[in-house]
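Listing of protein.pdb; format and content: PDB, C-alpha atoms.
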```pdb
ATOM      1  CA  MET A   1      76.356 -15.968  -2.334
ATOM      2  CA  SER A   2      76.473 -17.660  -5.761
ATOM      3  CA  SER A   3      73.401 -18.572  -7.778
ATOM      4  CA  SER A   4      74.219 -22.263  -7.305
ATOM      5  CA  ASP A   5      74.224 -21.751  -3.537
ATOM      6  CA  GLU A   6      70.861 -19.997  -3.780
ATOM      7  CA  LYS A   7      69.296 -23.002  -5.462
ATOM      8  CA  LYS A   8      70.510 -25.294  -2.678
ATOM      9  CA  VAL A   9      68.951 -23.275   0.120
ATOM     10  CA  LYS A  10      65.439 -24.327   1.031
ATOM     11  CA  LEU A  11      62.985 -22.503   3.234
ATOM     12  CA  PRO A  12      62.033 -24.556   6.319
ATOM     13  CA  TRP A  13      58.455 -25.807   6.290
ATOM     14  CA  LYS A  14      57.581 -23.827   9.409
ATOM     15  CA  LEU A  15      58.557 -20.560   7.723
ATOM     16  CA  ARG A  16      56.804 -21.501   4.482
ATOM     17  CA  LEU A  17      53.538 -22.103   6.351
ATOM     18  CA  LYS A  18      53.891 -18.898   8.347
ATOM     19  CA  ALA A  19      54.729 -16.873   5.236
ATOM     20  CA  TRP A  20      51.680 -17.663   3.158
ATOM     21  CA  TRP A  21      48.985 -17.322   5.807
ATOM     22  CA  GLU A  22      50.436 -13.935   6.804
ATOM     23  CA  GLY A  23      50.296 -12.769   3.203
ATOM     24  CA  TYR A  24      53.919 -13.199   2.116
ATOM     25  CA  ASP A  25      55.190 -15.030  -0.922
ATOM     26  CA  PRO A  26      57.327 -17.937   0.415
ATOM     27  CA  GLU A  27      59.807 -17.508  -2.429
ATOM     28  CA  GLU A  28      60.177 -13.805  -1.654
ATOM     29  CA  LEU A  29      60.821 -14.644   1.993
ATOM     30  CA  ARG A  30      63.429 -17.211   0.983
ATOM     31  CA  LEU A  31      65.291 -14.634  -1.097
ATOM     32  CA  ARG A  32      65.156 -12.134   1.760
ATOM     33  CA  LEU A  33      66.693 -14.676   4.104
ATOM     34  CA  LEU A  34      69.382 -15.419   1.532
ATOM     35  CA  ALA A  35      70.192 -11.717   1.257
ATOM     36  CA  GLN A  36      70.312 -11.398   5.025
ATOM     37  CA  ALA A  37      72.564 -14.411   5.255
ATOM     38  CA  GLY A  38      74.893 -12.799   2.735
ATOM     39  CA  ASP A  39      75.081  -9.627   4.826
ATOM     40  CA  ASP A  40      75.892 -11.649   7.930
ATOM     41  CA  GLU A  41      78.632 -13.834   6.432
ATOM     42  CA  THR A  42      81.379 -11.732   7.990
ATOM     43  CA  GLN A  43      79.916 -12.040  11.486
ATOM     44  CA  SER A  44      81.178 -14.851  13.688
ATOM     45  CA  ALA A  45      78.213 -15.119  16.075
ATOM     46  CA  PRO A  46      76.768 -18.653  16.069
ATOM     47  CA  ALA A  47      73.278 -19.138  14.625
ATOM     48  CA  PRO A  48      70.466 -19.860  17.075
ATOM     49  CA  GLU A  49      69.996 -23.547  17.705
ATOM     50  CA  LYS A  50      67.065 -24.967  15.720
ATOM     51  CA  THR A  51      64.588 -27.526  16.927
ATOM     52  CA  GLU A  52      64.362 -30.976  15.375
ATOM     53  CA  PHE A  53      61.183 -30.023  13.483
ATOM     54  CA  GLU A  54      62.615 -26.758  12.132
ATOM     55  CA  THR A  55      65.709 -28.485  10.745
ATOM     56  CA  ARG A  56      63.806 -31.206   8.914
ATOM     57  CA  ASP A  57      64.390 -30.773   5.182
ATOM     58  CA  VAL A  58      60.795 -31.014   4.030
ATOM     59  CA  GLU A  59      59.684 -29.575   0.708
ATOM     60  CA  PRO A  60      56.583 -30.373  -1.338
ATOM     61  CA  SER A  61      58.783 -31.274  -4.297
ATOM     62  CA  ASP A  62      60.543 -33.951  -2.220
ATOM     63  CA  ALA A  63      57.339 -35.991  -1.984
ATOM     64  CA  PRO A  64      56.695 -38.935  -4.324
ATOM     65  CA  GLU A  65      54.700 -38.083  -7.418
ATOM     66  CA  GLU A  66      50.943 -38.476  -6.876
ATOM     67  CA  GLU A  67      47.909 -38.074  -9.045
ATOM     68  CA  MET A  68      46.328 -34.629  -8.915
ATOM     69  CA  GLY A  69      43.242 -36.119  -7.275
ATOM     70  CA  TRP A  70      42.789 -37.177  -3.675
ATOM     71  CA  SER A  71      44.962 -39.654  -1.797
ATOM     72  CA  GLU A  72      44.300 -41.205   1.600
ATOM     73  CA  ASP A  73      47.023 -39.013   3.126
ATOM     74  CA  ALA A  74      45.532 -35.857   1.591
ATOM     75  CA  VAL A  75      42.077 -36.754   2.952
ATOM     76  CA  ASN A  76      43.525 -37.201   6.442
ATOM     77  CA  ILE A  77      45.436 -33.906   6.289
ATOM     78  CA  ALA A  78      42.347 -32.081   5.000
ATOM     79  CA  GLN A  79      40.384 -33.227   8.038
ATOM     80  CA  TYR A  80      43.204 -32.122  10.366
ATOM     81  CA  ILE A  81      42.864 -28.624   8.893
ATOM     82  CA  TRP A  82      39.140 -28.255   8.162
ATOM     83  CA  GLY A  83      37.543 -30.685  10.615
ATOM     84  CA  GLU A  84      36.150 -34.208  10.363
ATOM     85  CA  GLY A  85      34.100 -34.668   7.222
ATOM     86  CA  TYR A  86      35.405 -31.538   5.484
ATOM     87  CA  CYS A  87      38.094 -30.921   2.887
ATOM     88  CA  GLY A  88      37.629 -27.173   2.441
ATOM     89  CA  PRO A  89      36.387 -24.014   4.168
ATOM     90  CA  GLY A  90      33.041 -24.021   5.954
ATOM     91  CA  GLY A  91      32.294 -26.104   9.037
ATOM     92  CA  PRO A  92      28.905 -26.996  10.577
ATOM     93  CA  GLU A  93      27.981 -23.469  11.740
ATOM     94  CA  TYR A  94      28.798 -21.997   8.335
ATOM     95  CA  ILE A  95      26.770 -24.651   6.500
ATOM     96  CA  VAL A  96      23.723 -24.070   8.701
ATOM     97  CA  ALA A  97      23.967 -20.277   8.274
ATOM     98  CA  LEU A  98      24.530 -20.626   4.525
ATOM     99  CA  SER A  99      21.371 -22.718   4.187
ATOM    100  CA  LYS A 100      19.042 -20.589   6.316
ATOM    101  CA  LEU A 101      17.127 -19.244   3.307
ATOM    102  CA  LEU A 102      16.269 -22.745   2.100
ATOM    103  CA  ALA A 103      13.642 -23.339   4.830
ATOM    104  CA  LEU A 104      14.624 -26.998   5.170
ATOM    105  CA  SER A 105      12.419 -29.524   6.980
ATOM    106  CA  PRO A 106      12.305 -33.305   7.648
ATOM    107  CA  GLU A 107       9.715 -33.720   4.865
ATOM    108  CA  MET A 108      12.173 -32.510   2.251
ATOM    109  CA  SER A 109      14.780 -34.181   0.110
ATOM    110  CA  MET A 110      17.927 -32.447  -1.112
ATOM    111  CA  LEU A 111      20.378 -33.120  -3.917
ATOM    112  CA  GLN A 112      24.015 -32.121  -3.488
ATOM    113  CA  ILE A 113      26.671 -32.211  -6.179
ATOM    114  CA  GLY A 114      30.291 -32.081  -5.116
ATOM    115  CA  ALA A 115      29.508 -33.767  -1.790
ATOM    116  CA  SER A 116      33.216 -34.362  -0.961
ATOM    117  CA  LEU A 117      33.487 -36.055   2.484
ATOM    118  CA  GLY A 118      29.804 -35.561   3.214
ATOM    119  CA  GLY A 119      30.226 -33.079   6.065
ATOM    120  CA  PRO A 120      27.624 -30.576   4.787
ATOM    121  CA  ALA A 121      25.160 -33.362   3.940
ATOM    122  CA  ARG A 122      25.373 -34.841   7.442
ATOM    123  CA  VAL A 123      25.062 -31.437   9.126
ATOM    124  CA  LEU A 124      21.910 -30.577   7.155
ATOM    125  CA  ALA A 125      20.411 -34.023   7.752
ATOM    126  CA  ASP A 126      21.156 -33.791  11.468
ATOM    127  CA  GLU A 127      20.141 -30.143  11.932
ATOM    128  CA  PHE A 128      17.011 -30.017   9.771
ATOM    129  CA  GLY A 129      16.093 -33.671   9.235
ATOM    130  CA  VAL A 130      16.277 -33.230   5.458
ATOM    131  CA  TRP A 131      17.005 -36.352   3.382
ATOM    132  CA  MET A 132      20.320 -35.776   1.610
ATOM    133  CA  THR A 133      21.626 -37.469  -1.537
ATOM    134  CA  GLY A 134      25.141 -36.354  -2.388
ATOM    135  CA  TYR A 135      27.070 -36.969  -5.592
ATOM    136  CA  GLU A 136      30.867 -36.902  -5.607
ATOM    137  CA  GLU A 137      33.376 -37.560  -8.369
ATOM    138  CA  SER A 138      36.302 -38.874  -6.282
ATOM    139  CA  PRO A 139      35.955 -42.571  -5.289
ATOM    140  CA  ILE A 140      38.314 -41.997  -2.343
ATOM    141  CA  LEU A 141      36.106 -39.225  -0.964
ATOM    142  CA  VAL A 142      32.947 -41.272  -1.535
ATOM    143  CA  ASP A 143      34.299 -44.280   0.388
ATOM    144  CA  LYS A 144      35.322 -42.103   3.326
ATOM    145  CA  ALA A 145      32.052 -40.138   3.230
ATOM    146  CA  GLN A 146      29.985 -43.329   3.364
ATOM    147  CA  GLU A 147      32.077 -44.557   6.286
ATOM    148  CA  LEU A 148      31.564 -41.280   8.178
ATOM    149  CA  SER A 149      27.808 -41.289   7.484
ATOM    150  CA  LYS A 150      27.555 -44.823   8.858
ATOM    151  CA  MET A 151      29.553 -43.870  11.946
ATOM    152  CA  ALA A 152      27.141 -40.967  12.525
ATOM    153  CA  GLY A 153      24.089 -43.189  12.092
ATOM    154  CA  LEU A 154      23.117 -41.212   8.988
ATOM    155  CA  GLU A 155      23.812 -43.767   6.279
ATOM    156  CA  ARG A 156      20.160 -43.524   5.105
ATOM    157  CA  LYS A 157      19.729 -39.772   5.532
ATOM    158  CA  ALA A 158      23.096 -38.624   4.130
ATOM    159  CA  VAL A 159      23.870 -40.918   1.222
ATOM    160  CA  ILE A 160      26.966 -40.145  -0.867
ATOM    161  CA  THR A 161      27.273 -41.697  -4.344
ATOM    162  CA  GLN A 162      30.099 -41.670  -6.877
ATOM    163  CA  TYR A 163      29.357 -40.187 -10.309
ATOM    164  CA  ASN A 164      30.954 -38.604 -13.373
ATOM    165  CA  PRO A 165      29.657 -35.010 -13.659
ATOM    166  CA  GLU A 166      30.463 -34.818 -17.358
ATOM    167  CA  GLU A 167      28.462 -37.939 -18.197
ATOM    168  CA  ILE A 168      25.399 -37.548 -15.979
ATOM    169  CA  GLU A 169      22.199 -37.423 -18.026
ATOM    170  CA  GLU A 170      19.687 -37.277 -15.211
ATOM    171  CA  PHE A 171      19.361 -37.857 -11.478
ATOM    172  CA  GLU A 172      17.245 -40.691 -10.141
ATOM    173  CA  ARG A 173      14.458 -38.847  -8.338
ATOM    174  CA  LYS A 174      12.794 -35.513  -7.661
ATOM    175  CA  PHE A 175      14.177 -33.166  -4.995
ATOM    176  CA  ASP A 176      12.828 -30.199  -3.029
ATOM    177  CA  ARG A 177      16.204 -28.497  -2.747
ATOM    178  CA  ALA A 178      19.635 -28.625  -4.384
ATOM    179  CA  LEU A 179      23.125 -27.634  -3.258
ATOM    180  CA  ALA A 180      26.338 -27.122  -5.226
ATOM    181  CA  LYS A 181      29.161 -26.081  -2.895
ATOM    182  CA  GLU A 182      32.260 -25.141  -4.920
ATOM    183  CA  ALA A 183      31.392 -27.862  -7.426
ATOM    184  CA  LEU A 184      30.340 -26.234 -10.702
ATOM    185  CA  PHE A 185      33.685 -24.582 -11.460
ATOM    186  CA  THR A 186      35.293 -27.977 -12.139
ATOM    187  CA  ILE A 187      32.520 -28.983 -14.546
ATOM    188  CA  GLU A 188      33.138 -27.945 -18.143
ATOM    189  CA  ASN A 189      29.575 -28.420 -19.366
ATOM    190  CA  LYS A 190      27.784 -26.390 -16.708
ATOM    191  CA  ALA A 191      24.665 -25.958 -18.800
ATOM    192  CA  LYS A 192      24.161 -29.729 -18.986
ATOM    193  CA  MET A 193      24.627 -30.149 -15.229
ATOM    194  CA  ILE A 194      22.284 -27.294 -14.317
ATOM    195  CA  ALA A 195      19.676 -28.616 -16.756
ATOM    196  CA  ALA A 196      19.914 -32.049 -15.070
ATOM    197  CA  ILE A 197      19.430 -30.448 -11.639
ATOM    198  CA  GLU A 198      16.500 -28.299 -12.802
ATOM    199  CA  ASP A 199      14.832 -31.330 -14.381
ATOM    200  CA  LYS A 200      14.628 -33.100 -11.014
ATOM    201  CA  LEU A 201      13.952 -30.015  -8.892
ATOM    202  CA  LYS A 202      10.299 -29.828  -7.859
ATOM    203  CA  PRO A 203       8.235 -26.755  -8.847
ATOM    204  CA  GLY A 204       9.078 -23.972  -6.419
ATOM    205  CA  GLY A 205      12.248 -25.779  -5.406
ATOM    206  CA  LEU A 206      15.366 -23.854  -4.407
ATOM    207  CA  ILE A 207      19.011 -24.262  -5.347
ATOM    208  CA  LEU A 208      21.940 -22.894  -3.347
ATOM    209  CA  ILE A 209      25.239 -22.430  -5.159
ATOM    210  CA  THR A 210      28.625 -21.281  -3.920
ATOM    211  CA  ASP A 211      31.209 -21.268  -6.664
ATOM    212  CA  TYR A 212      34.425 -19.728  -7.930
ATOM    213  CA  VAL A 213      33.923 -17.256 -10.768
ATOM    214  CA  ILE A 214      36.375 -15.050 -12.647
ATOM    215  CA  SER A 215      36.088 -11.283 -12.325
ATOM    216  CA  SER A 216      36.786 -10.584 -16.010
ATOM    217  CA  GLU A 217      37.577 -12.399 -19.226
ATOM    218  CA  ALA A 218      41.123 -10.998 -19.119
ATOM    219  CA  VAL A 219      41.891 -13.059 -15.988
ATOM    220  CA  VAL A 220      42.363 -16.302 -17.935
ATOM    221  CA  ALA A 221      45.391 -14.819 -19.719
ATOM    222  CA  SER A 222      47.219 -13.867 -16.503
ATOM    223  CA  ASP A 223      50.224 -15.802 -15.220
ATOM    224  CA  SER A 224      48.627 -16.147 -11.777
ATOM    225  CA  TYR A 225      45.528 -17.761 -13.284
ATOM    226  CA  LYS A 226      47.618 -20.205 -15.293
ATOM    227  CA  GLU A 227      49.625 -21.138 -12.185
ATOM    228  CA  TRP A 228      46.434 -21.643 -10.200
ATOM    229  CA  LYS A 229      44.841 -23.732 -12.952
ATOM    230  CA  ILE A 230      47.833 -26.058 -13.217
ATOM    231  CA  GLY A 231      47.914 -26.545  -9.451
ATOM    232  CA  GLU A 232      44.269 -27.572  -9.057
ATOM    233  CA  ARG A 233      43.353 -31.224  -8.461
ATOM    234  CA  THR A 234      40.777 -31.141 -11.230
ATOM    235  CA  THR A 235      40.948 -28.851 -14.246
ATOM    236  CA  PRO A 236      38.894 -25.745 -13.389
ATOM    237  CA  TYR A 237      36.481 -24.073 -15.805
ATOM    238  CA  PRO A 238      35.330 -20.939 -13.943
ATOM    239  CA  VAL A 239      33.102 -18.486 -15.799
ATOM    240  CA  LEU A 240      31.955 -14.923 -15.248
ATOM    241  CA  ALA A 241      29.264 -14.413 -12.609
ATOM    242  CA  ASP A 242      26.903 -13.050 -15.263
ATOM    243  CA  ASP A 243      27.481 -16.112 -17.450
ATOM    244  CA  LEU A 244      26.652 -18.478 -14.573
ATOM    245  CA  LYS A 245      23.468 -16.556 -13.808
ATOM    246  CA  ALA A 246      22.556 -16.593 -17.513
ATOM    247  CA  ILE A 247      22.799 -20.402 -17.549
ATOM    248  CA  LEU A 248      20.474 -20.577 -14.556
ATOM    249  CA  LYS A 249      17.996 -18.228 -16.192
ATOM    250  CA  LYS A 250      18.022 -20.227 -19.425
ATOM    251  CA  ASN A 251      17.100 -23.301 -17.398
ATOM    252  CA  HIS A 252      14.068 -21.686 -15.743
ATOM    253  CA  LEU A 253      15.865 -20.905 -12.488
ATOM    254  CA  GLN A 254      15.282 -17.377 -11.197
ATOM    255  CA  VAL A 255      18.198 -15.880  -9.263
ATOM    256  CA  ARG A 256      17.004 -14.238  -6.041
ATOM    257  CA  VAL A 257      20.298 -13.824  -4.186
ATOM    258  CA  SER A 258      23.711 -13.180  -5.727
ATOM    259  CA  GLU A 259      26.594 -11.945  -3.593
ATOM    260  CA  ASP A 260      30.370 -12.065  -3.425
ATOM    261  CA  ILE A 261      31.337 -13.830  -0.184
ATOM    262  CA  SER A 262      35.081 -13.895  -0.894
ATOM    263  CA  PRO A 263      36.088 -11.895   2.232
ATOM    264  CA  GLN A 264      34.314 -14.363   4.528
ATOM    265  CA  TYR A 265      35.842 -17.278   2.636
ATOM    266  CA  ILE A 266      39.364 -15.846   2.881
ATOM    267  CA  GLU A 267      38.893 -15.387   6.613
ATOM    268  CA  MET A 268      37.858 -19.031   6.977
ATOM    269  CA  ILE A 269      40.989 -20.101   5.104
ATOM    270  CA  ASN A 270      43.164 -17.971   7.379
ATOM    271  CA  GLN A 271      41.541 -19.279  10.542
ATOM    272  CA  ALA A 272      41.842 -22.911   9.504
ATOM    273  CA  TRP A 273      45.502 -22.679   8.534
ATOM    274  CA  ALA A 274      46.595 -20.485  11.440
ATOM    275  CA  GLY A 275      47.324 -23.596  13.497
ATOM    276  CA  ALA A 276      49.044 -25.543  10.725
ATOM    277  CA  ASP A 277      52.457 -25.351  12.420
ATOM    278  CA  GLN A 278      51.015 -27.107  15.480
ATOM    279  CA  VAL A 279      49.516 -29.752  13.202
ATOM    280  CA  ALA A 280      52.899 -30.221  11.531
ATOM    281  CA  ALA A 281      54.661 -30.567  14.895
ATOM    282  CA  LYS A 282      52.247 -33.341  15.881
ATOM    283  CA  LEU A 283      52.641 -35.069  12.532
ATOM    284  CA  ALA A 284      56.429 -34.947  12.855
ATOM    285  CA  LYS A 285      56.230 -37.201  15.924
ATOM    286  CA  GLN A 286      54.532 -39.953  13.950
ATOM    287  CA  ASP A 287      56.450 -42.788  12.303
ATOM    288  CA  ASP A 288      55.555 -41.467   8.848
ATOM    289  CA  GLY A 289      55.840 -37.834   9.963
ATOM    290  CA  THR A 290      58.021 -36.629   7.097
ATOM    291  CA  LYS A 291      55.596 -38.032   4.512
ATOM    292  CA  GLN A 292      52.627 -36.481   6.322
ATOM    293  CA  ILE A 293      54.325 -33.071   6.497
ATOM    294  CA  GLN A 294      55.059 -33.269   2.783
ATOM    295  CA  THR A 295      51.334 -33.796   2.179
ATOM    296  CA  LEU A 296      50.531 -30.919   4.538
ATOM    297  CA  MET A 297      52.901 -28.650   2.614
ATOM    298  CA  ARG A 298      51.286 -29.540  -0.701
ATOM    299  CA  GLU A 299      47.870 -28.751   0.789
ATOM    300  CA  ALA A 300      49.208 -25.455   2.164
ATOM    301  CA  GLU A 301      50.509 -24.380  -1.236
ATOM    302  CA  PHE A 302      47.280 -25.535  -2.898
ATOM    303  CA  TRP A 303      45.244 -23.259  -0.629
ATOM    304  CA  ALA A 304      47.836 -20.496  -0.851
ATOM    305  CA  ARG A 305      47.223 -20.282  -4.597
ATOM    306  CA  ARG A 306      43.451 -20.169  -4.150
ATOM    307  CA  LYS A 307      43.706 -17.561  -1.432
ATOM    308  CA  LYS A 308      46.037 -15.424  -3.557
ATOM    309  CA  MET A 309      43.582 -15.470  -6.462
ATOM    310  CA  LEU A 310      40.714 -14.480  -4.174
ATOM    311  CA  GLU A 311      42.693 -11.689  -2.516
ATOM    312  CA  SER A 312      43.700 -10.266  -5.894
ATOM    313  CA  GLY A 313      40.066 -10.249  -7.003
ATOM    314  CA  GLU A 314      40.808 -12.363 -10.070
ATOM    315  CA  LEU A 315      38.655 -15.076  -8.537
ATOM    316  CA  GLN A 316      35.550 -14.479  -6.471
ATOM    317  CA  LEU A 317      33.437 -16.848  -4.427
ATOM    318  CA  LEU A 318      29.844 -16.239  -5.422
ATOM    319  CA  ARG A 319      26.771 -17.265  -3.418
ATOM    320  CA  ILE A 320      23.561 -17.724  -5.383
ATOM    321  CA  VAL A 321      20.077 -18.735  -4.303
ATOM    322  CA  ALA A 322      17.640 -19.418  -7.148
ATOM    323  CA  ASN A 323      14.171 -20.893  -7.406
ATOM    324  CA  LYS A 324      12.444 -22.913 -10.079
ATOM    325  CA  LYS A 325       9.993 -20.488 -11.632
ATOM    326  CA  ALA A 326       6.939 -22.683 -12.052
ATOM    327  CA  GLY A 327       4.937 -22.443  -8.851
ATOM    328  CA  GLY A 328       7.704 -20.539  -7.070
ATOM    329  CA  PRO A 329       7.197 -19.831  -3.358
ATOM    330  CA  GLY A 330       5.787 -16.496  -2.307
ATOM    331  CA  GLY A 331       7.747 -13.864  -0.464
ATOM    332  CA  MET A 332      10.927 -14.488  -2.429
ATOM    333  CA  SER A 333      11.004 -10.890  -3.680
ATOM    334  CA  ASP A 334      11.731  -9.745  -0.140
ATOM    335  CA  TRP A 335      15.103 -11.545   0.013
TER     336      TRP A 335
END
```
Please render this file's structure as structure tokens.
Amino acid sequence: MSSSDEKKVKLPWKLRLKAWWEGYDPEELRLRLLAQAGDDETQSAPAPEKTEFETRDVEPSDAPEEEMGWSEDAVNIAQYIWGEGYCGPGGPEYIVALSKLLALSPEMSMLQIGASLGGPARVLADEFGVWMTGYEESPILVDKAQELSKMAGLERKAVITQYNPEEIEEFERKFDRALAKEALFTIENKAKMIAAIEDKLKPGGLILITDYVISSEAVVASDSYKEWKIGERTTPYPVLADDLKAILKKNHLQVRVSEDISPQYIEMINQAWAGADQVAAKLAKQDDGTKQIQTLMREAEFWARRKKMLESGELQLLRIVANKKAGGPGGMSDW
């Protein structure tokens, strides 16, 4: 088979989805199929009949150019994969378990940066009665989050507000707790953001952080890192785990828990995407099915890159619990 023929052959979307969540590189699989096809050229047996969905020529690159941020279609696809109110790993049970050390109660207020669609905020407000104020950069996510909070009857207890993380000087009020779920790595000036959070965190208050960090300084020079960085919606600025903890310490926040939860996170990605072919089959029956599948494919490749970085160890997902030193709660040393 000639090189020009190779370029014309595209891997069906169903195989692309299956390849990445089972740990294969879709491009490697495509080349294998090309090689196999070359070996079989002399055989006259007819190819197995393909279904309508398998023969659709759907590739991420065929989709119209979109901004790297969120679109309405991407928000809808995210909720198909992750659940209503979520656009990444970690549903209600995970959020509740993640927050167990925060000792939340209805008398408390909680600040969240990177609130996305407001799923975590609503779960914590509903489960613990805590008053949530979430800040999110994307106007599209904020509009949808506010709509979902209203539908859940939580528009006063799970408020989501649009903000610019690079321009924030201070938050409006004091909080008992703070949450940053995969939000700091997209903020270049992390020290300024953490200082703003600490300023409004009450004495003895706790902050829970889950964030992407790099495993070594050499990672930023790797081709895989550069590919991942280009493919992100917002330019990422991950730092070393020790550097993130140093920023917290400098801002009077004492780290009590610090652990790599990458394996659990990878498993959540795998579980969520394991049914993506069924999602695609349902989307294909819709009037705008081809467009929706194109969006699904872009989301699949987006998460494939993240998963690959986590599996290689170049990126890690770090969980941190820290407390504000002045008047810190007792018993923390036992965590």
For this session: I need the residue set behind the PyMOL selection byres ((chain A and resi 168-171) around 12) for this file; please write it as a PyMOL selection string.
Result: chain A and resi 110-113+133-137+161-167+172-175+178+187+189-201
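Coordinates place atom CA of A:Thr234 at a distance of 15.5 Å from atom CA of A:Glu301.
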Exercise. Which distance in Å separates atom CA of A:Gly153 and atom CA of A:Phe128, to one decimal?
Worked result: 15.1 Å
For this session: Pick out the closest residue to A:Ser99 from this set: A:Lys249, A:Lys291, A:Lys181, A:Lys308. Count all atoms listed in the file.
Result: A:Lys181
For this session: Find, counting all atoms listed in the file, the residue in A:Asp143, A:Asp287, A:Asp211, A:Glu155 that gets nearest to A:Ser71.
Result: A:Asp143
For this session: Could you pull out every residue with an atom within 8 Å of (36.2, -8.8, -0.1), file coordinates, counting only C-alpha atoms, and send them as a list in words?
Result: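 Those residues lying close to the given coordinates are Asp260, Ile261, Ser262, Pro263, Gln264 and Glu311 of chain A.
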Stretch 172-177 of chain A, all listed atoms, 8 Å padding on each side: what axis-aligned box centre and edge lengths in Å to one decimal come out, as JSON?
```
{"center_x": 15.0, "center_y": -34.6, "center_z": -6.4, "size_x": 20.5, "size_y": 28.2, "size_z": 23.4}
```
Exercise. Expressed in Å to a single decimal, how great is the separation between atom CA of A:Gly129 and atom CA of A:Ala103?
Worked result: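 Calculated distance between atom CA of A:Gly129 and atom CA of A:Ala103 is 11.5 Å.
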For this session: Find the residues around stretch 91-98 of chain A up to 10 Å (only C-alpha atoms counted), leave out those fewer than 2 positions away in its own chain, and share them as a ChimeraX atom specification.
Result: /A:82-89,100-102,119-124,127-128,181,208-210,268,319
Exercise. Using all atoms listed in the file, which residues sit within 10 Å of A:Gly313 once same-chain residues fewer than 5 positions away are excluded, as a list in words?
Worked result: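 So the residues in contact are Ile214, Ser215, Ser216, Val219, Ser262, Lys307 and Lys308 of chain A.
Comparing A:Gly205, A:Ala145, A:Leu315, A:Arg306 by their smallest distance to A:Arg233, the closest is A:Arg306 (using all atoms listed in the file).
Restricting the calculation to only C-alpha atoms, the smallest distance between A:Ala183 and any of A:Tyr225, A:Tyr237, A:Phe302, A:Trp273 is found for A:Tyr237.
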For this session: Find the spatial neighbours of A:Tyr212, counting only C-alpha atoms, within a cut-off of 8 Å - ignore same-chain residues fewer than 3 positions away - and output them as a PyMOL selection string.
Result: chain A and resi 182+185+238+315-318
Exercise. Mind telling me what the PyMOL selection byres ((chain A and resi 156) around 10) catches here, as a ChimeraX atom specification?
Worked result: /A:125,131-133,146,149-150,153-155,157-160
For this session: Give the answer as one residue: which of A:Ala74, A:Gly204, A:Glu107, A:Met309 has the shortest atom-to-atom distance to A:Val220, using only C-alpha atoms?
Result: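 Smallest distance to A:Val220 is found for A:Met309.
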Please output stretch 227-239 of chain A, rebuilt to include N, CA and C atoms, as a PDB file, keeping the file's coordinate frame.
```pdb
ATOM      1  N   GLU A 227      48.979 -20.404 -13.288  1.00  0.00           N
ATOM      2  CA  GLU A 227      49.625 -21.138 -12.185  1.00  0.00           C
ATOM      3  C   GLU A 227      48.580 -21.818 -11.316  1.00  0.00           C
ATOM      4  N   TRP A 228      47.514 -21.081 -11.006  1.00  0.00           N
ATOM      5  CA  TRP A 228      46.434 -21.643 -10.200  1.00  0.00           C
ATOM      6  C   TRP A 228      45.783 -22.823 -10.907  1.00  0.00           C
ATOM      7  N   LYS A 229      45.515 -22.687 -12.193  1.00  0.00           N
ATOM      8  CA  LYS A 229      44.841 -23.732 -12.952  1.00  0.00           C
ATOM      9  C   LYS A 229      45.660 -25.019 -12.975  1.00  0.00           C
ATOM     10  N   ILE A 230      46.957 -24.886 -13.179  1.00  0.00           N
ATOM     11  CA  ILE A 230      47.833 -26.058 -13.217  1.00  0.00           C
ATOM     12  C   ILE A 230      47.875 -26.759 -11.864  1.00  0.00           C
ATOM     13  N   GLY A 231      47.791 -25.991 -10.788  1.00  0.00           N
ATOM     14  CA  GLY A 231      47.914 -26.545  -9.451  1.00  0.00           C
ATOM     15  C   GLY A 231      46.649 -27.141  -8.872  1.00  0.00           C
ATOM     16  N   GLU A 232      45.517 -27.015  -9.567  1.00  0.00           N
ATOM     17  CA  GLU A 232      44.269 -27.572  -9.057  1.00  0.00           C
ATOM     18  C   GLU A 232      44.225 -29.095  -9.235  1.00  0.00           C
ATOM     19  N   ARG A 233      43.479 -29.771  -8.374  1.00  0.00           N
ATOM     20  CA  ARG A 233      43.353 -31.224  -8.461  1.00  0.00           C
ATOM     21  C   ARG A 233      42.612 -31.645  -9.724  1.00  0.00           C
ATOM     22  N   THR A 234      41.578 -30.888 -10.041  1.00  0.00           N
ATOM     23  CA  THR A 234      40.777 -31.141 -11.230  1.00  0.00           C
ATOM     24  C   THR A 234      40.785 -29.874 -12.075  1.00  0.00           C
ATOM     25  N   THR A 235      40.889 -30.022 -13.371  1.00  0.00           N
ATOM     26  CA  THR A 235      40.948 -28.851 -14.246  1.00  0.00           C
ATOM     27  C   THR A 235      39.752 -27.934 -13.992  1.00  0.00           C
ATOM     28  N   PRO A 236      39.998 -26.672 -13.651  1.00  0.00           N
ATOM     29  CA  PRO A 236      38.894 -25.745 -13.389  1.00  0.00           C
ATOM     30  C   PRO A 236      38.395 -25.066 -14.666  1.00  0.00           C
ATOM     31  N   TYR A 237      37.104 -24.776 -14.682  1.00  0.00           N
ATOM     32  CA  TYR A 237      36.481 -24.073 -15.805  1.00  0.00           C
ATOM     33  C   TYR A 237      35.598 -22.945 -15.261  1.00  0.00           C
ATOM     34  N   PRO A 238      36.165 -22.009 -14.498  1.00  0.00           N
ATOM     35  CA  PRO A 238      35.330 -20.939 -13.943  1.00  0.00           C
ATOM     36  C   PRO A 238      34.849 -19.996 -15.039  1.00  0.00           C
ATOM     37  N   VAL A 239      33.672 -19.427 -14.839  1.00  0.00           N
ATOM     38  CA  VAL A 239      33.102 -18.486 -15.799  1.00  0.00           C
ATOM     39  C   VAL A 239      32.809 -17.172 -15.077  1.00  0.00           C
TER      40      VAL A 239
END
```
